[in-house]
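Below is the file input05.json, which contains JSON, C-alpha atoms.
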[["chain", "number", "residue", "atom", "x", "y", "z"],
["C", 1151, "MET", "CA", 84.71, -42.04, 241.38],
["C", 1152, "HIS", "CA", 87.51, -39.91, 239.98],
["C", 1153, "TYR", "CA", 90.59, -38.76, 241.86],
["C", 1154, "ARG", "CA", 92.77, -35.66, 241.85],
["C", 1155, "GLN", "CA", 96.16, -34.89, 243.33],
["C", 1156, "LEU", "CA", 96.00, -32.94, 246.60],
["C", 1157, "GLY", "CA", 98.66, -30.40, 245.77],
["C", 1158, "ARG", "CA", 102.17, -31.51, 246.78],
["C", 1159, "THR", "CA", 101.04, -33.90, 249.52],
["C", 1160, "GLY", "CA", 101.35, -37.00, 247.35],
["C", 1161, "PHE", "CA", 97.75, -37.95, 248.19],
["C", 1162, "SER", "CA", 95.36, -38.79, 245.35],
["C", 1163, "ILE", "CA", 91.89, -38.13, 246.73],
["C", 1164, "SER", "CA", 88.29, -38.49, 245.63],
["C", 1165, "GLU", "CA", 86.76, -35.50, 243.81],
["C", 1166, "ILE", "CA", 83.74, -35.76, 246.07],
["C", 1167, "SER", "CA", 84.91, -36.45, 249.58],
["C", 1168, "PHE", "CA", 83.27, -36.30, 253.01],
["C", 1169, "GLY", "CA", 82.90, -33.28, 255.27],
["C", 1170, "ALA", "CA", 82.46, -34.46, 258.85],
["C", 1171, "TRP", "CA", 81.25, -31.31, 260.62],
["C", 1172, "ALA", "CA", 77.62, -32.43, 260.64],
["C", 1173, "ILE", "CA", 78.34, -35.81, 262.25],
["C", 1174, "GLY", "CA", 80.06, -34.01, 265.11],
["C", 1175, "GLY", "CA", 77.43, -31.41, 265.87],
["C", 1176, "SER", "CA", 76.02, -27.92, 265.17],
["C", 1177, "TRP", "CA", 73.71, -29.29, 262.45],
["C", 1178, "GLY", "CA", 70.82, -30.45, 264.60],
["C", 1179, "LYS", "CA", 70.42, -33.87, 266.19],
["C", 1180, "VAL", "CA", 72.59, -36.65, 264.81],
["C", 1181, "GLN", "CA", 72.87, -40.34, 265.64],
["C", 1182, "ASP", "CA", 76.27, -42.03, 265.65],
["C", 1183, "ASP", "CA", 74.94, -45.19, 263.99],
["C", 1184, "ALA", "CA", 73.50, -43.16, 261.12],
["C", 1185, "SER", "CA", 76.71, -41.16, 260.87],
["C", 1186, "LEU", "CA", 78.80, -44.31, 260.59],
["C", 1187, "ASP", "CA", 76.42, -45.64, 257.93],
["C", 1188, "ALA", "CA", 76.94, -42.41, 255.97],
["C", 1189, "LEU", "CA", 80.72, -42.75, 256.27],
["C", 1190, "ARG", "CA", 80.58, -46.40, 255.21],
["C", 1191, "GLN", "CA", 78.40, -45.59, 252.20],
["C", 1192, "ALA", "CA", 80.81, -42.90, 251.07],
["C", 1193, "VAL", "CA", 83.82, -45.20, 251.36],
["C", 1194, "ASP", "CA", 81.93, -48.00, 249.58],
["C", 1195, "MET", "CA", 81.49, -45.61, 246.65],
["C", 1196, "GLY", "CA", 85.17, -44.67, 246.45],
["C", 1197, "VAL", "CA", 85.56, -41.77, 248.87],
["C", 1198, "ASN", "CA", 89.05, -41.86, 250.39],
["C", 1199, "PHE", "CA", 89.29, -38.41, 252.01],
["C", 1200, "ILE", "CA", 87.47, -37.22, 255.13],
["C", 1201, "ASP", "CA", 87.71, -33.71, 256.54],
["C", 1202, "THR", "CA", 87.06, -33.05, 260.21],
["C", 1203, "ALA", "CA", 88.18, -30.81, 263.10],
["C", 1204, "ASP", "CA", 88.97, -31.21, 266.77],
["C", 1205, "VAL", "CA", 86.03, -28.99, 267.73],
["C", 1206, "TYR", "CA", 83.36, -30.85, 265.75],
["C", 1207, "GLY", "CA", 81.35, -32.24, 268.63],
["C", 1208, "ASP", "CA", 84.35, -31.70, 270.91],
["C", 1209, "GLY", "CA", 86.15, -34.60, 269.24],
["C", 1210, "ARG", "CA", 83.07, -36.69, 268.46],
["C", 1211, "SER", "CA", 83.63, -36.45, 264.71],
["C", 1212, "GLU", "CA", 87.28, -37.49, 264.98],
["C", 1213, "ARG", "CA", 86.39, -40.46, 267.18],
["C", 1214, "LEU", "CA", 83.74, -41.68, 264.74],
["C", 1215, "ILE", "CA", 86.29, -41.53, 261.92],
["C", 1216, "ALA", "CA", 88.72, -43.55, 264.03],
["C", 1217, "GLU", "CA", 85.99, -46.17, 264.49],
["C", 1218, "LEU", "CA", 85.41, -46.28, 260.74],
["C", 1219, "LYS", "CA", 89.11, -46.65, 260.00],
["C", 1220, "LYS", "CA", 89.43, -49.57, 262.43],
["C", 1221, "GLU", "CA", 86.81, -51.55, 260.50],
["C", 1222, "ARG", "CA", 87.89, -50.69, 256.95],
["C", 1223, "GLY", "CA", 90.86, -51.86, 254.95],
["C", 1224, "GLU", "CA", 90.85, -48.94, 252.52],
["C", 1225, "ASP", "CA", 93.58, -46.33, 252.67],
["C", 1226, "ILE", "CA", 91.62, -43.32, 253.92],
["C", 1227, "VAL", "CA", 93.25, -39.89, 254.21],
["C", 1228, "VAL", "CA", 91.98, -37.82, 257.15],
["C", 1229, "ALA", "CA", 92.38, -34.06, 257.43],
["C", 1230, "THR", "CA", 91.66, -32.37, 260.73],
["C", 1231, "LYS", "CA", 92.00, -28.81, 262.01],
["C", 1232, "ALA", "CA", 93.46, -27.01, 264.99],
["C", 1233, "GLY", "CA", 93.07, -23.61, 266.60],
["C", 1234, "ARG", "CA", 89.38, -23.12, 267.36],
["C", 1235, "ARG", "CA", 89.75, -24.65, 270.81],
["C", 1236, "LEU", "CA", 91.39, -21.40, 271.86],
["C", 1237, "SER", "CA", 89.31, -19.23, 274.16],
["C", 1238, "PRO", "CA", 89.47, -16.44, 273.33],
["C", 1239, "HIS", "CA", 90.15, -17.33, 269.72],
["C", 1240, "ALA", "CA", 92.95, -14.81, 269.21],
["C", 1241, "ALA", "CA", 96.15, -14.67, 267.18],
["C", 1242, "ASP", "CA", 98.31, -14.71, 270.30],
["C", 1243, "GLY", "CA", 97.05, -18.20, 271.09],
["C", 1244, "TYR", "CA", 98.57, -19.70, 267.94],
["C", 1245, "THR", "CA", 101.75, -20.81, 269.67],
["C", 1246, "TYR", "CA", 103.77, -23.97, 269.23],
["C", 1247, "GLU", "CA", 102.75, -25.14, 272.70],
["C", 1248, "ASN", "CA", 99.02, -24.71, 272.06],
["C", 1249, "LEU", "CA", 99.14, -26.20, 268.57],
["C", 1250, "ARG", "CA", 101.09, -29.20, 269.86],
["C", 1251, "THR", "CA", 98.45, -29.74, 272.57],
["C", 1252, "PHE", "CA", 95.66, -29.65, 270.00],
["C", 1253, "VAL", "CA", 97.53, -31.99, 267.65],
["C", 1254, "GLU", "CA", 98.22, -34.50, 270.41],
["C", 1255, "ARG", "CA", 94.52, -34.52, 271.32],
["C", 1256, "SER", "CA", 93.61, -35.22, 267.68],
["C", 1257, "LEU", "CA", 96.19, -37.98, 267.52],
["C", 1258, "LYS", "CA", 94.44, -39.62, 270.46],
["C", 1259, "ASN", "CA", 90.95, -39.10, 269.05],
["C", 1260, "LEU", "CA", 91.93, -40.48, 265.64],
["C", 1261, "GLN", "CA", 94.01, -43.29, 267.18],
["C", 1262, "THR", "CA", 97.01, -42.70, 264.95],
["C", 1263, "ASP", "CA", 100.71, -41.95, 265.29],
["C", 1264, "ALA", "CA", 100.78, -39.12, 262.72],
["C", 1265, "LEU", "CA", 98.04, -36.91, 261.30],
["C", 1266, "ASP", "CA", 97.79, -36.91, 257.50],
["C", 1267, "LEU", "CA", 96.91, -33.23, 257.21],
["C", 1268, "VAL", "CA", 96.36, -30.53, 259.82],
["C", 1269, "GLN", "CA", 94.76, -27.23, 258.83],
["C", 1270, "LEU", "CA", 94.82, -24.03, 260.85],
["C", 1271, "HIS", "CA", 91.12, -23.60, 261.55],
["C", 1272, "CYS", "CA", 90.05, -20.22, 260.18],
["C", 1273, "PRO", "CA", 92.43, -18.26, 262.40],
["C", 1274, "PRO", "CA", 92.26, -14.49, 262.80],
["C", 1275, "THR", "CA", 93.68, -12.70, 259.76],
["C", 1276, "GLU", "CA", 96.68, -11.53, 261.80],
["C", 1277, "VAL", "CA", 97.91, -15.13, 262.08],
["C", 1278, "TYR", "CA", 98.78, -15.17, 258.37],
["C", 1279, "TYR", "CA", 101.25, -12.36, 259.04],
["C", 1280, "ARG", "CA", 103.07, -14.24, 261.81],
["C", 1281, "PRO", "CA", 105.79, -16.47, 260.34],
["C", 1282, "GLU", "CA", 106.36, -18.01, 263.75],
["C", 1283, "VAL", "CA", 103.00, -19.79, 263.50],
["C", 1284, "PHE", "CA", 104.09, -21.55, 260.34],
["C", 1285, "ASP", "CA", 107.47, -22.26, 261.91],
["C", 1286, "ALA", "CA", 105.56, -24.04, 264.67],
["C", 1287, "MET", "CA", 103.77, -26.18, 262.08],
["C", 1288, "ASP", "CA", 107.12, -26.99, 260.46],
["C", 1289, "ARG", "CA", 108.37, -28.12, 263.87],
["C", 1290, "LEU", "CA", 105.38, -30.45, 264.30],
["C", 1291, "VAL", "CA", 106.14, -31.97, 260.89],
["C", 1292, "ALA", "CA", 109.79, -32.44, 261.87],
["C", 1293, "GLU", "CA", 108.67, -34.17, 265.06],
["C", 1294, "GLY", "CA", 106.57, -36.62, 263.04],
["C", 1295, "LYS", "CA", 103.26, -35.62, 264.63],
["C", 1296, "ILE", "CA", 101.82, -34.39, 261.32],
["C", 1297, "LYS", "CA", 102.66, -35.29, 257.73],
["C", 1298, "HIS", "CA", 101.44, -32.15, 255.98],
["C", 1299, "TYR", "CA", 99.71, -28.90, 256.89],
["C", 1300, "GLY", "CA", 97.51, -26.30, 255.31],
["C", 1301, "VAL", "CA", 94.95, -23.68, 256.23],
["C", 1302, "SER", "CA", 91.21, -23.29, 256.31],
["C", 1303, "VAL", "CA", 90.33, -19.69, 255.48],
["C", 1304, "GLU", "CA", 87.36, -17.33, 255.47],
["C", 1305, "LYS", "CA", 88.64, -14.89, 252.84],
["C", 1306, "ALA", "CA", 90.38, -15.15, 249.50],
["C", 1307, "GLU", "CA", 92.96, -12.63, 250.72],
["C", 1308, "GLU", "CA", 93.88, -14.92, 253.59],
["C", 1309, "ALA", "CA", 94.34, -17.79, 251.17],
["C", 1310, "LEU", "CA", 96.67, -15.72, 248.98],
["C", 1311, "LYS", "CA", 98.75, -14.73, 252.01],
["C", 1312, "ALA", "CA", 98.90, -18.27, 253.39],
["C", 1313, "ILE", "CA", 100.32, -19.82, 250.24],
["C", 1314, "GLU", "CA", 103.31, -17.51, 250.42],
["C", 1315, "TYR", "CA", 104.60, -19.85, 253.15],
["C", 1316, "PRO", "CA", 106.47, -22.61, 251.30],
["C", 1317, "ASN", "CA", 105.18, -25.55, 253.34],
["C", 1318, "VAL", "CA", 101.50, -24.69, 253.20],
["C", 1319, "LYS", "CA", 100.26, -27.42, 250.86],
["C", 1320, "THR", "CA", 96.48, -27.07, 250.99],
["C", 1321, "VAL", "CA", 93.82, -24.41, 251.37],
["C", 1322, "GLN", "CA", 90.26, -25.11, 252.41],
["C", 1323, "ILE", "CA", 87.87, -22.39, 251.25],
["C", 1324, "ILE", "CA", 84.16, -21.79, 250.67],
["C", 1325, "PHE", "CA", 83.30, -22.00, 246.98],
["C", 1326, "ASN", "CA", 79.91, -22.78, 245.51],
["C", 1327, "MET", "CA", 77.25, -21.45, 243.16],
["C", 1328, "PHE", "CA", 76.63, -18.66, 245.69],
["C", 1329, "ARG", "CA", 80.32, -17.87, 246.34],
["C", 1330, "HIS", "CA", 82.37, -17.23, 243.18],
["C", 1331, "ARG", "CA", 85.15, -14.92, 244.25],
["C", 1332, "PRO", "CA", 87.89, -17.50, 245.00],
["C", 1333, "LYS", "CA", 88.16, -18.38, 241.31],
["C", 1334, "GLU", "CA", 89.08, -14.82, 240.31],
["C", 1335, "LEU", "CA", 92.68, -14.74, 241.53],
["C", 1336, "PHE", "CA", 93.23, -17.34, 244.20],
["C", 1337, "PHE", "CA", 92.64, -20.37, 241.98],
["C", 1338, "GLN", "CA", 95.21, -19.12, 239.47],
["C", 1339, "GLU", "CA", 97.85, -18.59, 242.16],
["C", 1340, "ALA", "CA", 97.06, -21.91, 243.84],
["C", 1341, "ALA", "CA", 97.52, -23.75, 240.55],
["C", 1342, "ARG", "CA", 100.81, -21.97, 239.93],
["C", 1343, "ARG", "CA", 102.12, -23.07, 243.34],
["C", 1344, "ASN", "CA", 100.54, -26.57, 243.16],
["C", 1345, "ILE", "CA", 98.30, -26.01, 246.17],
["C", 1346, "GLY", "CA", 95.53, -28.47, 246.93],
["C", 1347, "ILE", "CA", 92.10, -26.79, 247.12],
["C", 1348, "ILE", "CA", 89.49, -28.33, 249.41],
["C", 1349, "VAL", "CA", 86.05, -26.80, 248.89],
["C", 1350, "ARG", "CA", 83.83, -26.60, 251.95],
["C", 1351, "VAL", "CA", 80.20, -25.47, 252.28],
["C", 1352, "PRO", "CA", 79.65, -26.69, 248.70],
["C", 1353, "LEU", "CA", 75.87, -26.75, 249.15],
["C", 1354, "ALA", "CA", 75.66, -23.43, 251.03],
["C", 1355, "SER", "CA", 74.61, -25.11, 254.30],
["C", 1356, "GLY", "CA", 71.82, -26.91, 252.50],
["C", 1357, "LEU", "CA", 70.36, -23.94, 250.62],
["C", 1358, "LEU", "CA", 71.54, -25.55, 247.39],
["C", 1359, "THR", "CA", 69.68, -28.76, 248.12],
["C", 1360, "GLY", "CA", 66.49, -26.96, 247.10],
["C", 1361, "LYS", "CA", 64.64, -28.49, 250.06],
["C", 1362, "PHE", "CA", 64.10, -25.36, 252.15],
["C", 1363, "THR", "CA", 61.25, -22.85, 252.12],
["C", 1364, "LYS", "CA", 60.47, -19.63, 253.98],
["C", 1365, "GLU", "CA", 58.68, -21.79, 256.54],
["C", 1366, "SER", "CA", 61.60, -24.15, 257.16],
["C", 1367, "THR", "CA", 62.87, -24.20, 260.73],
["C", 1368, "PHE", "CA", 66.11, -25.46, 262.26],
["C", 1369, "GLU", "CA", 66.82, -26.93, 265.67],
["C", 1370, "ALA", "CA", 68.26, -24.67, 268.36],
["C", 1371, "GLU", "CA", 71.64, -26.45, 268.23],
["C", 1372, "ASP", "CA", 71.84, -26.08, 264.44],
["C", 1373, "HIS", "CA", 74.13, -23.23, 263.29],
["C", 1374, "ARG", "CA", 71.57, -22.39, 260.60],
["C", 1375, "SER", "CA", 69.42, -21.23, 263.50],
["C", 1376, "PHE", "CA", 71.95, -19.63, 265.85],
["C", 1377, "ASN", "CA", 74.51, -18.19, 263.41],
["C", 1378, "ARG", "CA", 72.43, -16.89, 260.53],
["C", 1379, "TYR", "CA", 73.77, -13.37, 261.02],
["C", 1380, "GLY", "CA", 77.23, -14.32, 262.28],
["C", 1381, "GLU", "CA", 76.35, -14.24, 265.97],
["C", 1382, "HIS", "CA", 78.81, -17.00, 266.94],
["C", 1383, "PHE", "CA", 81.35, -17.28, 264.10],
["C", 1384, "ASP", "CA", 81.86, -15.91, 260.62],
["C", 1385, "ARG", "CA", 78.53, -15.32, 258.89],
["C", 1386, "GLY", "CA", 79.96, -16.74, 255.67],
["C", 1387, "GLU", "CA", 79.94, -20.23, 257.20],
["C", 1388, "THR", "CA", 76.13, -20.24, 257.33],
["C", 1389, "PHE", "CA", 74.34, -20.28, 253.97],
["C", 1390, "ALA", "CA", 77.66, -19.02, 252.52],
["C", 1391, "GLY", "CA", 76.71, -15.57, 253.85],
["C", 1392, "VAL", "CA", 73.71, -15.29, 251.52],
["C", 1393, "ASP", "CA", 70.51, -13.68, 252.77],
["C", 1394, "TYR", "CA", 68.21, -16.64, 253.33],
["C", 1395, "GLU", "CA", 65.16, -15.34, 251.45],
["C", 1396, "LYS", "CA", 67.21, -14.08, 248.50],
["C", 1397, "GLY", "CA", 68.93, -17.44, 248.44],
["C", 1398, "LEU", "CA", 65.59, -19.21, 248.21],
["C", 1399, "GLN", "CA", 64.61, -17.06, 245.23],
["C", 1400, "ALA", "CA", 67.92, -17.81, 243.50],
["C", 1401, "VAL", "CA", 67.47, -21.52, 244.17],
["C", 1402, "GLU", "CA", 64.12, -21.49, 242.37],
["C", 1403, "GLU", "CA", 65.90, -20.24, 239.26],
["C", 1404, "LEU", "CA", 68.73, -22.75, 239.65],
["C", 1405, "LYS", "CA", 66.21, -25.59, 239.79],
["C", 1406, "ARG", "CA", 65.33, -24.87, 236.15],
["C", 1407, "LEU", "CA", 68.91, -25.74, 235.17],
["C", 1408, "VAL", "CA", 68.88, -29.23, 236.69],
["C", 1409, "PRO", "CA", 69.25, -31.87, 233.93],
["C", 1410, "GLU", "CA", 66.79, -34.73, 233.78],
["C", 1411, "GLY", "CA", 67.77, -37.47, 236.19],
["C", 1412, "TRP", "CA", 69.90, -35.17, 238.35],
["C", 1413, "THR", "CA", 69.21, -33.43, 241.65],
["C", 1414, "LEU", "CA", 70.04, -29.83, 242.50],
["C", 1415, "PRO", "CA", 72.81, -30.90, 244.95],
["C", 1416, "GLN", "CA", 74.40, -32.93, 242.18],
["C", 1417, "LEU", "CA", 74.29, -29.94, 239.84],
["C", 1418, "ALA", "CA", 75.87, -27.77, 242.56],
["C", 1419, "LEU", "CA", 78.66, -30.28, 243.20],
["C", 1420, "ARG", "CA", 79.31, -30.87, 239.50],
["C", 1421, "TRP", "CA", 79.54, -27.09, 239.02],
["C", 1422, "ILE", "CA", 82.38, -27.01, 241.54],
["C", 1423, "LEU", "CA", 84.21, -29.88, 239.82],
["C", 1424, "MET", "CA", 84.08, -27.99, 236.52],
["C", 1425, "HIS", "CA", 86.93, -25.90, 237.95],
["C", 1426, "ASP", "CA", 90.09, -27.90, 237.39],
["C", 1427, "GLU", "CA", 92.02, -26.09, 240.12],
["C", 1428, "VAL", "CA", 89.75, -27.66, 242.76],
["C", 1429, "THR", "CA", 90.97, -30.92, 244.27],
["C", 1430, "CYS", "CA", 87.75, -31.95, 245.96],
["C", 1431, "ALA", "CA", 84.46, -30.82, 247.46],
["C", 1432, "ILE", "CA", 83.51, -31.99, 250.95],
["C", 1433, "PRO", "CA", 79.71, -32.04, 251.35],
["C", 1434, "GLY", "CA", 78.47, -33.36, 254.66],
["C", 1435, "ALA", "CA", 76.05, -36.21, 255.18],
["C", 1436, "LYS", "CA", 74.22, -37.42, 258.27],
["C", 1437, "ARG", "CA", 72.61, -40.37, 256.48],
["C", 1438, "ALA", "CA", 73.79, -42.96, 253.96],
["C", 1439, "SER", "CA", 71.26, -41.74, 251.38],
["C", 1440, "GLN", "CA", 72.72, -38.24, 251.51],
["C", 1441, "ALA", "CA", 76.24, -39.58, 251.09],
["C", 1442, "GLU", "CA", 75.17, -41.63, 248.08],
["C", 1443, "GLU", "CA", 73.47, -38.68, 246.39],
["C", 1444, "ASN", "CA", 76.52, -36.50, 246.92],
["C", 1445, "VAL", "CA", 79.06, -39.02, 245.65],
["C", 1446, "ARG", "CA", 77.11, -39.76, 242.47],
["C", 1447, "ALA", "CA", 77.79, -36.17, 241.36],
["C", 1448, "ALA", "CA", 81.39, -37.18, 240.60],
["C", 1449, "ASP", "CA", 80.21, -39.39, 237.75],
["C", 1450, "MET", "CA", 77.84, -36.87, 236.18],
["C", 1451, "PRO", "CA", 78.86, -35.51, 232.75],
["C", 1452, "GLU", "CA", 80.38, -32.07, 232.37],
["C", 1453, "LEU", "CA", 78.07, -29.09, 232.38],
["C", 1454, "SER", "CA", 77.49, -27.13, 229.19],
["C", 1455, "ARG", "CA", 78.81, -23.62, 228.68],
["C", 1456, "GLU", "CA", 75.18, -22.47, 228.60],
["C", 1457, "THR", "CA", 74.55, -23.91, 232.05],
["C", 1458, "MET", "CA", 77.74, -22.40, 233.46],
["C", 1459, "ASP", "CA", 76.77, -19.00, 232.04],
["C", 1460, "ALA", "CA", 73.26, -19.31, 233.45],
["C", 1461, "VAL", "CA", 74.60, -20.05, 236.94],
["C", 1462, "ASN", "CA", 76.82, -16.99, 236.71],
["C", 1463, "GLU", "CA", 73.93, -14.80, 235.62],
["C", 1464, "ILE", "CA", 71.82, -15.94, 238.59],
["C", 1465, "TYR", "CA", 74.76, -15.27, 240.92],
["C", 1466, "GLN", "CA", 75.27, -11.79, 239.51],
["C", 1467, "ARG", "CA", 71.60, -10.93, 239.89],
["C", 1468, "TRP", "CA", 70.83, -12.36, 243.33],
["C", 1469, "VAL", "CA", 74.08, -12.78, 245.28],
["C", 1470, "TYR", "CA", 76.99, -10.74, 243.92],
["C", 1471, "GLN", "CA", 76.24, -7.36, 245.47],
["C", 1472, "GLU", "CA", 76.01, -8.47, 249.10],
["C", 1473, "VAL", "CA", 78.47, -11.40, 249.10],
["C", 1474, "HIS", "CA", 81.17, -11.07, 246.49],
["C", 1475, "HIS", "CA", 83.46, -8.49, 248.08],
["C", 1476, "ARG", "CA", 83.09, -9.71, 251.66],
["C", 1477, "TRP", "CA", 84.90, -13.02, 251.28]]

Please go through the file and, once you have read it, give me the structure as structure tokens.
Amino acid sequence: MHYRQLGRTGFSISEISFGAWAIGGSWGKVQDDASLDALRQAVDMGVNFIDTADVYGDGRSERLIAELKKERGEDIVVATKAGRRLSPHAADGYTYENLRTFVERSLKNLQTDALDLVQLHCPPTEVYYRPEVFDAMDRLVAEGKIKHYGVSVEKAEEALKAIEYPNVKTVQIIFNMFRHRPKELFFQEAARRNIGIIVRVPLASGLLTGKFTKESTFEAEDHRSFNRYGEHFDRGETFAGVDYEKGLQAVEELKRLVPEGWTLPQLALRWILMHDEVTCAIPGAKRASQAEENVRAADMPELSRETMDAVNEIYQRWVYQEVHHRW
């Protein structure tokens, strides 16, 4: 495993870390024992950063991470999120009182006195234009409830606005072989301001595993079934916003680029790590074998310029027109 500095937080975290949405819910059925095995496998292989949220399984994900931390001696950094418990999920709800309530619930779920990192959880765009929201986060830091804070965003423009606030230290954003836009301007500005970049949806909700076909089906409680067109939250969170059938065609071309001895997910994760501005990618895993496959990508050699160019060409041909300017 290799480690990178998470912006100005002082944390040195694993390049491939663990995204804990799937072990909470919205990815089909999941068993807690299998989830804990996946977490253990990741930590055994050097992962020291886990990303979760208070709404993943209504706290289930956070509680599983607390269980893991009780049994392990490693220093594990946990990032959680706040804001999506609001109903309706509107900018006016991002008050100090509500954020404090959410943070205190996460403190209880994670069984800790202070949260390592709290991220505003894909708030409405208007929130980024309300300094009082970030003042509220500063107050929570001053009170010792959180150590650092950042944002999880849908759009590159939101990321650029968020990092204008001096105490925003991290940005979580979707970036993968089907979502290139963040590297155009945001990465440059993030590097200039020493912002940690956490890459979510690195495998495009599984499209980039190469395991799906036109006939593949997903369980009713899986967001890949109920949110394919953005019915419940931002469409970009499901398959990175890519049309499913076009994505399958692009994947067939990407498979030809996979080096001998690699898997397509490992190629996809290594592609992300080729961008030095990125701190880590957070693929999910519901089983230990998935966690192991993901983590091994950190030790794969660098990709050739030819491979990087080929990925870009496939993106331009299959994905760019319908995805690039939306997020």

inquiry  = Which residues are near range 1427-1444 of chain C? Cut-off 8 Å, only C-alpha atoms, ignore same chain within fewer than 6 positions. Put them as an MDAnalysis selection string.
reply    = chainID C and resid 1154:1157 1163:1173 1180 1184:1185 1187:1192 1195 1200:1201 1337:1338 1340:1341 1346:1353 1415:1416 1419

inquiry  = Calculated over all atoms listed in the file, which of the candidates C:Val1228, C:His1425, C:Leu1404, C:Phe1284 has the smallest distance to Pro1332 in chain C?
reply    = C:His1425

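The coordinates place CA of Tyr1153 in chain C at 24.3 Å from CA of Glu1217 in chain C.
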
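The nearest approach to Ile1226 in chain C among the residues C:Leu1186, C:Ala1241, C:Leu1214, C:Val1193, with only C-alpha atoms taken into account, belongs to C:Val1193.
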
Report the closest atom pair, with its distance in Å rounded to one decimal, for each residue of range 1425-1462 of chain C that has an atom no farther than 12 Å from range 1387-1400 of chain C; count all atoms listed in the file, sort by chain and then rising residue number, and write it as CSV.
residue,atom,partner,partner_atom,distance
C:Ala1460,CA,C:Ala1400,CA,11.5
C:Val1461,CA,C:Ala1400,CA,9.6
C:Asn1462,CA,C:Ala1400,CA,11.2

How would range 1236-1248 of chain C read, as a PDB file, keeping the file's coordinate frame, once N, CA and C atoms are built in?
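Heads up, here's the output in result31.pdb:
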ATOM      1  N   LEU C1236      90.917 -22.555 271.095  1.00  0.00           N
ATOM      2  CA  LEU C1236      91.390 -21.400 271.860  1.00  0.00           C
ATOM      3  C   LEU C1236      90.215 -20.568 272.372  1.00  0.00           C
ATOM      4  N   SER C1237      90.331 -20.117 273.597  1.00  0.00           N
ATOM      5  CA  SER C1237      89.310 -19.230 274.160  1.00  0.00           C
ATOM      6  C   SER C1237      90.000 -18.185 275.034  1.00  0.00           C
ATOM      7  N   PRO C1238      90.068 -16.948 274.571  1.00  0.00           N
ATOM      8  CA  PRO C1238      89.470 -16.440 273.330  1.00  0.00           C
ATOM      9  C   PRO C1238      90.229 -16.915 272.099  1.00  0.00           C
ATOM     10  N   HIS C1239      89.511 -16.929 270.973  1.00  0.00           N
ATOM     11  CA  HIS C1239      90.150 -17.330 269.720  1.00  0.00           C
ATOM     12  C   HIS C1239      90.881 -16.108 269.160  1.00  0.00           C
ATOM     13  N   ALA C1240      92.153 -15.981 269.553  1.00  0.00           N
ATOM     14  CA  ALA C1240      92.950 -14.810 269.210  1.00  0.00           C
ATOM     15  C   ALA C1240      94.288 -15.235 268.634  1.00  0.00           C
ATOM     16  N   ALA C1241      94.889 -14.351 267.854  1.00  0.00           N
ATOM     17  CA  ALA C1241      96.150 -14.670 267.180  1.00  0.00           C
ATOM     18  C   ALA C1241      97.247 -15.051 268.166  1.00  0.00           C
ATOM     19  N   ASP C1242      97.261 -14.426 269.328  1.00  0.00           N
ATOM     20  CA  ASP C1242      98.310 -14.710 270.300  1.00  0.00           C
ATOM     21  C   ASP C1242      98.279 -16.146 270.799  1.00  0.00           C
ATOM     22  N   GLY C1243      97.158 -16.817 270.638  1.00  0.00           N
ATOM     23  CA  GLY C1243      97.050 -18.200 271.090  1.00  0.00           C
ATOM     24  C   GLY C1243      97.663 -19.210 270.145  1.00  0.00           C
ATOM     25  N   TYR C1244      98.010 -18.778 268.940  1.00  0.00           N
ATOM     26  CA  TYR C1244      98.570 -19.700 267.940  1.00  0.00           C
ATOM     27  C   TYR C1244     100.065 -19.887 268.175  1.00  0.00           C
ATOM     28  N   THR C1245     100.377 -20.528 269.294  1.00  0.00           N
ATOM     29  CA  THR C1245     101.750 -20.810 269.670  1.00  0.00           C
ATOM     30  C   THR C1245     102.077 -22.272 269.412  1.00  0.00           C
ATOM     31  N   TYR C1246     103.361 -22.573 269.393  1.00  0.00           N
ATOM     32  CA  TYR C1246     103.770 -23.970 269.230  1.00  0.00           C
ATOM     33  C   TYR C1246     103.179 -24.828 270.343  1.00  0.00           C
ATOM     34  N   GLU C1247     103.229 -24.351 271.574  1.00  0.00           N
ATOM     35  CA  GLU C1247     102.750 -25.140 272.700  1.00  0.00           C
ATOM     36  C   GLU C1247     101.272 -25.464 272.564  1.00  0.00           C
ATOM     37  N   ASN C1248     100.458 -24.463 272.211  1.00  0.00           N
ATOM     38  CA  ASN C1248      99.020 -24.710 272.060  1.00  0.00           C
ATOM     39  C   ASN C1248      98.730 -25.622 270.877  1.00  0.00           C
TER      40      ASN C1248
END
